[in-house]
Structures are given as C-alpha cells and as structure tokens.
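Reviewing the structure listed below.
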Protein chains: 2
Amino acid sequence: MTNSLKVAIAGLGTVGVGVVKILESHKDLIAARCGRPIEIVAVSASNRARDRGVDISGYQWFDNALDFAEQDNIDLVVELIGGSDGIAKELAQQSLEAGKSFVTANKALIAHHGASLATTAQEAGVALRYEAAVAGGIPIIKAVGEGLAANKMNLIYGILNGTCNYILTQMESTGQGFGDVLAEAQRLGYAEADPTFDVDGIDTAHKLAILSSVAFGTETDFNSIYVEGIRRIEAVDIEYAREIGYRIKLLGLARLGSNGLEQRVHPAMVKLEEPIAQVEDAFNAVVAEGDFIDRTFYQGRGAGEGPTASAVVADIIDIARGHMDAPFFVPASELVKAEPVPMDDHEGAFYIRLHVQERPGVIADITSVLKDRNVSLDVMLQKGHELDGSVYVILVTHVTRENIIMGALQEIAGLSSVQDEPLTIRIENL
Amino acid sequence: MTNSLKVAIAGLGTVGVGVVKILESHKDLIAARCGRPIEIVAVSASNRARDRGVDISGYQWFDNALDFAEQDNIDLVVELIGGSDGIAKELAQQSLEAGKSFVTANKALIAHHGASLATTAQEAGVALRYEAAVAGGIPIIKAVGEGLAANKMNLIYGILNGTCNYILTQMESTGQGFGDVLAEAQRLGYAEADPTFDVDGIDTAHKLAILSSVAFGTETDFNSIYVEGIRRIEAVDIEYAREIGYRIKLLGLARLGSNGLEQRVHPAMVKLEEPIAQVEDAFNAVVAEGDFIDRTFYQGRGAGEGPTASAVVADIIDIARGHMDAPFFVPASELVKAEPVPMDDHEGAFYIRLHVQERPGVIADITSVLKDRNVSLDVMLQKGHELDGSVYVILVTHVTRENIIMGALQEIAGLSSVQDEPLTIRIENL
C-alpha cells in the first residue's frame with residue numbers, strides 16, 4: 001500500500017472533533033477509497049486538557065499550530081480555527097510555503113485571501129481546498145468546480161446561512177417577530193450570542209465571494225458585495241409575501257454578465273414554487289446555472305459537526321487520491337479581476353412596506369413621489385391599524401431600477417406622515 | 001503548456017453533437033480549467049454524411065469505432081453508441097486494454113459490466129468514467145463517490161427517468177390517463193416510439209444499479225433489482241394520492257443494511273412536502289444519505305443534449321486534470337458482492353386499488369382476506385361509480401410485509417366480484 005497521508009489538525013472544536021471521529025471510525029473505508037491510509041499525526045488547540053469525547057492521546061500535541069509548518073512528518077494541515085486573518089492566515093501561508101497541502105473550513109479566510117493563497121499553493125505545488133467553507137453539507141465547490149466544469153457559468157445563488165433560514169422559517173411558522181425568534185434561536189444554540197455575522201449577511205457574503213470565484217474564475221472580491229441582513233423583516237412582511245405567492249429568504253446571488261460581476265446578499269422574495277423557497281429550517285441550498293447544463297439545485301445541512309467535518313474529510317480524501325486541481329479550478333494567475341456591477345444598476349420589482357400616520361393625503365403624497373420617477377405599482381394596500389392611528393402601507397412595484405427606488409424611498413421617508421424608515425425587499429423572479 | 005488530451009468520439013447523435021459543441025465552443029475555458037487543451041482527433045458514427053449542425057471535417061473519420069483502439073494518437077475514447085453489449089462493450093474492452101481512458105453515457109453497459117470493465121481499466125492504469133449515465137444534468141456520481149466520500153452511505157434514491165416523471169406530472173396536471181399522456185409525450189418527442197425501457201422501469205434500474213455501486217462499493221447487480229414500471233397507474237390513483245398528502249413518483253431506491261442490499265424500482269407514494277415529491281416534468285433528482293452528512297438532495301435535468309454532454313465533458317476534464325480514481329471509487333478487487341434483500345421482505349404501508357362489482361358482501365369478503373393475514377387498514381373508501389355498476393375500492397394499509405400483501409392480493413383477485421388485477425403502490429415514508 002502507498003504511503004499514508006499524514007494530517008495535522010489545528011482547532012478541536014465541534015468540526016475538528018468531527019474530523020477526528022470520521023478519520024478514526026472510517027479508517028479502513030477511507031483507506032480503501034483513497035488507495036492509501038489517512039493518518040492523523042498531530043493536533044493543536046487552545047486547551048489540551050478539555051474532554052472532547054474523542055481520544056487525542058495518540059497524536060502529537062502542539063501548543064502552537066504554527067509549528068506544524070516545520071514538521072517533516074506532516075503532509076497536510078487542516079485549519080479549523082477561523083477568522084480572516086491572525087493565526088489562521090499565518091498557518092495557511094506558512095503551511096503552503098512549507099509544501100504542505102492545506103484544507104480549511106474558514107470562509108472568511110478564503111473570501112478575503114483566496115486568490116493570494118491560491119498563488120502560494122500553486123507555487124509550492126500543493127493543494128488548497130475549502131469545501132467545508134460553503135454549505136458544509138453540500139459538496140457545492142466540487143459540483144461547480146468539477147461537476148459543471150464543461151459550462152460557462154451564468155448564475156449562482158443560494159441560501160447559505162442556516163441561522164437566518166431557521167429564523168425566517170420560524171417567523172413564518174410561529175408568526176413571531178425577528179427579535180423573539182432570534183432570542184429563542186440563541187437559547188437553543190442555533191444562533192450565536194453575537195449573531196451579527198449571521199443575521200447581518202456577512203457570513204453569507206463570505207460564502208458568496210467564494211462561490212463566485214469558483215463559478216466564474218474571478219478573484220474573490222468580498223468588498224464589492226452588496227450586503228443587507230434580515231433584522232428589519234417583520235411578521236407582516238412574511239405574511240404579505242405569502243399572500244402574493246412569495247417567501248422571504250436571505251439569498252446570496254452572483255451573476256457574471258457583459259456589464260460585470262453582480263454580487264449581492266439581501267432578503268429576497270422568491271416564488272413559493274421555486275425549489276429554493278421550500279428550503280426550511282437550518283438547511284442550505286444552492287442553484288447553479290451553466291450554459292449547457294441549465295439549472296442544477298443542491299440542498300443539504302448547512303453546518304453542524306457531521307456535515308462540516310464530512311466536507312473537510314472529502315477534501316483530504318481528494319488530496320490523498322492525488323487530485324491537485326488549482327484552488328479555484330483555473331491557475332491563480334488566470335483569475336480575472338471582474339468589474340463589480342454597482343447595486344444602483346440592479347433592476348427588479350420591489351416590495352415596500354411603509355409605516356404611516358393614517359391621515360388624508362398620505363397615499364397621494366406617496367404615490368406622487370413614485371409617479372414623478374415613473375415607478376408604476378403592481379399592488380398597493382393598507383394593512384392593519386395600530387392603536388396609535390398608524391397603518392402599514394404595502395406597495396409592490398413593477399420592474400424598475402435600484403437607484404430610482406432608493407431615491408423615491410428617501411423622499412418618501414422625509415414625508416411628515418411617514419414613520420420609521422421604509423423597508424424594501426427585492427422581488428427575485430429567478 | 002502540457003500535452004493536449006486527444007479524444008475520439010464514437011456516436012454522433014444528440015449527445016455526441018453536444019460534446020463536440022462544448023469542446024469546440026469552450027476550448028479556451030476548458031484548457032484553462034485543465035491546464036492543458038482537450039482536442040477532438042477522431043469521430044465515428046453510422047452515417048458520415050448526415051448534417052449534424054457541427055463541422056466534423058477537422059477530425060479523422062472512422063467507419064468502425066473499434067479501430068480507435070489501435071490509434072496511437074488517441075488518449076481517450078468517448079462511447080455514445082449505447083446498448084449493454086455489442087459494439088459498445090467491445091469498444092470499452094478494447095479501448096481500456098489498449099491503455100486509453102474511456103468515458104461513456106451508457107447506463108446499460110455500466111449496469112451490466114461495470115465491475116469487469118473497472119478491473120480492465122485498473123489493470124491498464126487508465127480511467128473509466130460514466131457521469132452521464134445517471135441523471136445527466138446532476139453531477140451525482142462525483143457527488144457521491146467524491147463529495148460524500150467521508151461517509152458510510154446508508155441510502156440513495158431518486159427520480160432517475162425523465163420520461164416517466166414527465167408522464168406522471170402530466171397525468172396529475174391534466175387528469176388524463178397513462179395511455180393518452182404517453183401518446184402525447186411520444187408526439188412531442190419526450191418518449192420514444194418504443195417506450196418500454198423508460199415506462200417499465202428498466203432505464204431507472206440501470207441507473208440505480210450504478211448508483212448503488214458508487215454509494216456502497218458493491219458490484220453492480222442489475223439482475224437482483226426488483227423492477228416495476230408506471231403503466232398501470234391511473235388518474236384515480238394520482239388523485240387519491242394527493243387527497244392523502246402524497247404524490248406518485250417512479251423511484252429507484254437502494255439501501256445497504258445488515259440484511260443485505262435492497263434495490264428496487266417501482267411507483268411509490270411520497271409525501272407531498274418531501275423535496276423529491278416536488279420534482280416536476282422531465283427533471284431528475286437524487287437523495288443521498290451518509291452517516292455524517294445526513295441527507296443531501298440534488299436536482300437537475302435528466303437528459304437532453306446539453307446536460308448529458310456536459311456530464312461527458314466533465315469526465316473528460318477530470319481525466320485531463322489527472323484524476324485517476326478507481327471507476328467505483330474503491331479498487332475493483334474490493335467491490336463487494338452484496339446479498340440481495342428479497343422483495344418479499346420489504347416492509348411498508350400499501351395503497352391498493354381494486355375494481356369491483358358493487359354487490360352486497362364485496363367489502364366483507366375483501367376485508368376478511370386482510371383480517372386473516374393480520375393486515376390492518378388505515379383508510380378504506382369507495383370511489384366513483386362506473387356505468388357498468390363497478391366501483392373503485394381504495395385501501396391503505398398500515399405497515400406490513402410485501403409477501404403478506406401479495407398473498408392477500410392474490411386471494412382478493414380471485415374473488416368473483418373483483419375485476420381486473422388489483423393495483424398496489426408502495427407508500428414510501430422516506
């Protein structure tokens with residue numbers, strides 16, 4: 001049998017423990033699948049003594065994972081520490097430079113430094129893989145980068161954050177508001193104590209930046225992504241979406257066209273009959289469209305010990321099998337710097353929810369702002385009467401441009417009878 | 001740049017033409033993705049002169065594809081002829097023995113001869129790939145064999161035949177019977193003039209045999225698959241299924257358990273809210289469940305020029321990239337001969353539709369047969385009254401065993417008031 005592939009793991013949290021469990025429990029199965037054994041030789045974590053439910057006494061312990069880079073008996077480093085910079089980035093850089101393949105679940109690291117790390121990996125002739133960074137339970141990086149490699153990809157979008165999808169699903173099924181559902185999700189461990197990365201869309205944007213690069217061969221460009229989270233969605237929006245045949249999902253969407261690369265993360269209304277609308281709870285899903293294959297749809301668990309560790313181990317298996325593809329499936333030197341499409345240029349229909357004082361002339365004032373900008377309305381209705389004499393006014397526009405709507409909303413927000421900032425949700429006819 | 005990969009294509013029907021289109025139109029893109037060009041050097045088909053809409057004058061023409069094996073300038077042979085034996089099999093055998101990698105869309109070939117061809121490929125040190133053989137528009141072989149390779153797979157099932165799914169979808173949406181919808185599908189080109197392979201489940205069984213092997217590392221065992229098609233489904237069944245919250249789909253399902261390998265193809269009632277129930281028209285979908293990743297779901301076009309050719313080219317790209325995995329992802333010598341689970345041992349609930357003469361005592365006779373075998377009923381109702389005084393009696397059982405139900409139905413079919421053979425559809429609570 002060929003030499004074993006010797007693996008070191010940095011970070012023994014949930015995912016790291018999952019990786020240990022898979023590699024130990026499926027040792028023989030994996031050796032058969034790779035034609036060679038995969039062996040954990042070293043581990044590093046912040047606390048050596050903590051009981052993790054797995055026996056790590058057979059592996060060499062390192063207080064500092066950066067020391068992995070100097071060990072001759074390590075072929076591959078698994079990074080499960082997290083963070084776009086700091087030790088994770090140093091570990092990636094040093095491991096690759098030392099000629100060790102590198103597998104990570106770290107979406108922030110790849111979203112911010114993917115292109116430069118890919119260059120380092122290629123110069124060293126080793127692999128850099130990150131399947132677990134996007135939709136852990138869906139082998140989407142492999143599907144797009146390899147399975148659909150015969151296609152020029154046009155479009156990729158998905159539900160990439162399980163926490164947000166769980167919150168939106170719960171809001172719909174219970175009728176509760178965002179705050180209550182978030183608090184409950186935190187109590188149950190489905191949302192972090194600081195939920196910012198999840199609910200404000202940053203986590204989705206990290207993943208979208210990666211998917212874009214894999215699909216389009218562009219340099220990861222996190223900073224150009226338009227990002228908006230789900231904090232302002234209320235029960236009334238979800239209810240009204242359903243009435244008009246839509247469901248609200250936090251989408252990450254990227255499209256490469258003649259005008260450049262469009263990358264955006266925001267709540268979107270998607271048609272109820274679309275597969276993506278039917279993705280519930282903490283599941284993730286991705287739609288990838290290529291010119292020959294048309295649309296493909298993938299759904300699985302977004303996170304968790306098993307699914308994420310499974311993705312990490314799949315990368316290790318690929319490397320053990322000798323797959324040495326370029327990290328973004330084209331040579332790093334050929335990754336294109338795509339021109340971002342400004343969000344102002346986005347075209348689509350918009351759902352708008354206004355909170356207004358019920359007094360004569362309000363509707364006339366609002367509609368005249370829209371009329372001045374040639375925005376035509378598909379639907380307009382008043383919803384609910386609050387004790388203080390305010391009502392919700394719901395508008396659905398025909399297709400128009402982002403900058404026109406945003407200008408109109410700014411003017412509408414300035415009307416004396418309009419309370420709170422208007423909320424808008426883009427209608428995505430996918 | 002590294003040497004080009006030189007490809008010969010046997011068969012220039014829809015898929016072959018699609019492969020030519022992709023390799024020519026995406027020449028540069030694919031070269032970037034592989035790190036080397038892919039070049040068509042030779043083609044063979046039954047009719048040289050036919051206008052196919054692509055220019056094949058630049059490729060060497062062979063009247064006999066078997067001559068590919070002797071050409072030194074061919075690295076890889078693509079077989080798009082079809083059929084489990086005959087020239088397709090000879091071409092596979094001879095190409096592999098001559099040290100050429102082999103890519104095929106031929107499900108019958110792989111379902112019947114997968115294990116022996118895998119051995120030949122491995123002995124010759126070349127690749128044998130067949131992504132296009134199963135669910136063309138879904139990279140499911142790669143997803144299961146590579147993406148989920150960290151898992152012991154438990155279960156795999158799917159809608160693997162687009163023609164059947166199109167017919168069932170049309171029957172539901174139009175209320176028409178099987179025969180009328182089939183005739184219309186034939187007129188539109190969605191079903192073949194001889195629809196046997198599709199509607200009798202054989203095509204699905206070929207694909208299931210392949211999926212089983214990839215998921216479980218077992219030798220392809222087409223002959224042990226229980227196969228039943230959709231010819232006997234009527235509009236009344238589809239209507240009643242919906243009433244009780246199910247939809248009828250032709251499923252191929254394989255499960256590896258302690259009792260052996262279960263492989264079956266038959267119409268099944270699946271819960272409306274399951275993703276698989278929502279797969280419409282000619283789409284295919286697969287659910288794959290592993291011990292760490294849990295369930296993953298994949299959906300895409302099942303066939304057609306673009307999707308199938310895309311899968312063929314993805315295999316070629318993999319080979320150009322140097323992926324030389326074993327054809328079934330474990331060495332051919334380690335493929336296990338699994339003990340088939342007899343269909344008689346299947347357990348589940350059953351939908352039964354009887355066509356009976358409406359006369360006193362009929363129901364008592366039927367129910368007494370079931371009572372004698374301890375089969376308890378969840379639902380029982382009469383449906384419709386035909387002019388001749390006959391009615392449909394619909395029964396839904398609680399969970400029971402296949403052999404018990406089949407014995408009961410045989411006895412019920414013998415009752416003088418029962419017309420036609422009873423129809424049963426297994427209820428699949430997935």
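Letters for chains follow the order of the structure tokens (A, B, ...), residue numbers begin at 1 for each chain, and ligand numbers begin at 1 in the order shown.
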
Contact set, chain B to chain A: 6 Å, only C-alpha atoms, as a count of residues only:
22

List as a PDB file with C-alpha atoms, in the first residue's frame the protein and nucleic acid residues near segment 66-82 of chain B, meaning an atom at most 7 Å away when only C-alpha atoms are counted, but skip any in the same chain fewer than 3 places from it.
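Written file, result-v8.pdb:
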```
ATOM      1  CA  LEU B   5      -5.569  15.234 -24.259  1.00  0.00           C
ATOM      2  CA  LYS B   6      -6.620  13.609 -27.531  1.00  0.00           C
ATOM      3  CA  VAL B   7     -10.193  12.455 -27.660  1.00  0.00           C
ATOM      4  CA  ALA B   8     -12.111  10.198 -30.066  1.00  0.00           C
ATOM      5  CA  ILE B   9     -15.907  10.146 -30.076  1.00  0.00           C
ATOM      6  CA  ALA B  10     -17.929   7.086 -31.080  1.00  0.00           C
ATOM      7  CA  GLY B  11     -21.514   8.061 -31.816  1.00  0.00           C
ATOM      8  CA  GLY B  16     -22.189  13.310 -29.330  1.00  0.00           C
ATOM      9  CA  ALA B  88     -20.272  -0.574 -27.056  1.00  0.00           C
ATOM     10  CA  LEU B  91     -15.162  -0.715 -27.721  1.00  0.00           C
ATOM     11  CA  GLN B  94     -10.562  -2.852 -26.444  1.00  0.00           C
ATOM     12  CA  SER B  95     -10.012   0.814 -25.635  1.00  0.00           C
ATOM     13  CA  ALA B  98      -5.119  -0.524 -25.333  1.00  0.00           C
ATOM     14  CA  LYS B 100      -6.985   4.520 -23.425  1.00  0.00           C
ATOM     15  CA  SER B 101      -9.249   6.115 -20.855  1.00  0.00           C
ATOM     16  CA  PHE B 102     -12.916   5.535 -21.517  1.00  0.00           C
ATOM     17  CA  VAL B 103     -15.863   7.854 -20.926  1.00  0.00           C
ATOM     18  CA  THR B 104     -19.411   6.728 -21.568  1.00  0.00           C
ATOM     19  CA  ALA B 105     -23.028   7.800 -21.136  1.00  0.00           C
ATOM     20  CA  ASN B 106     -24.120   4.176 -21.472  1.00  0.00           C
TER      21      ASN B 106
END
```

Using only C-alpha atoms, which residues sit within 7 Å of Glu358 of chain A once same-chain residues fewer than 5 positions away are excluded, as a PyMOL selection string?
chain A and resi 389-391

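Between atom CA of Leu430 of chain B and atom CA of Leu168 of chain B the separation is 19.5 Å.
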
Write out as a VMD selection string which residues come within 8 Å of Tyr157 of chain B when counting only C-alpha atoms, dropping same-chain ones fewer than 2 positions away.
chain B and resid 155 159 208 251 to 254 286 to 288

Would you please extract all strand (DSSP E) residues from segment 49-225 of chain B, as assigned by DSSP on the backbone, and give them as a PDB file with C-alpha atoms, in the first residue's frame?
```
ATOM      1  CA  GLN B  60     -10.271  11.882 -38.580  1.00  0.00           C
ATOM      2  CA  TRP B  61     -13.250   9.777 -39.641  1.00  0.00           C
ATOM      3  CA  PHE B  62     -13.536   6.081 -38.787  1.00  0.00           C
ATOM      4  CA  LEU B  76      -9.389   8.816 -24.511  1.00  0.00           C
ATOM      5  CA  VAL B  77     -12.412   7.215 -26.151  1.00  0.00           C
ATOM      6  CA  VAL B  78     -15.937   8.559 -25.637  1.00  0.00           C
ATOM      7  CA  GLU B  79     -18.650   5.964 -26.259  1.00  0.00           C
ATOM      8  CA  SER B 101      -9.249   6.115 -20.855  1.00  0.00           C
ATOM      9  CA  PHE B 102     -12.916   5.535 -21.517  1.00  0.00           C
ATOM     10  CA  VAL B 103     -15.863   7.854 -20.926  1.00  0.00           C
ATOM     11  CA  THR B 104     -19.411   6.728 -21.568  1.00  0.00           C
ATOM     12  CA  LEU B 128     -13.279   4.626 -16.772  1.00  0.00           C
ATOM     13  CA  ARG B 129     -15.930   7.286 -16.145  1.00  0.00           C
ATOM     14  CA  MET B 153     -23.598   5.669   2.782  1.00  0.00           C
ATOM     15  CA  ASN B 154     -26.898   4.323   4.071  1.00  0.00           C
ATOM     16  CA  LEU B 155     -29.436   5.137   1.439  1.00  0.00           C
ATOM     17  CA  ILE B 156     -29.741   6.509  -2.044  1.00  0.00           C
ATOM     18  CA  TYR B 157     -32.901   7.048  -4.028  1.00  0.00           C
ATOM     19  CA  GLY B 158     -34.188   9.212  -6.773  1.00  0.00           C
ATOM     20  CA  ILE B 159     -36.259  10.050  -9.778  1.00  0.00           C
TER      21      ILE B 159
END
```

List every residue of segment 254-416 of chain A that DSSP, applied to the backbone, labels as helix (DSSP H, G or I), and write the result as a PyMOL selection string.
chain A and resi 275-278+305-320+332-334+343-345+362-372+402-413

For atom CA of Ser84 of chain B and atom CA of Lys107 of chain B, determine how far apart the two atoms are, in Å to one decimal place.
7.8 Å

When you count only C-alpha atoms, which of these residues is closest to Glu39 of chain B: B:Pro340, B:Gly229, B:Gly58, B:Gly175?
B:Gly58
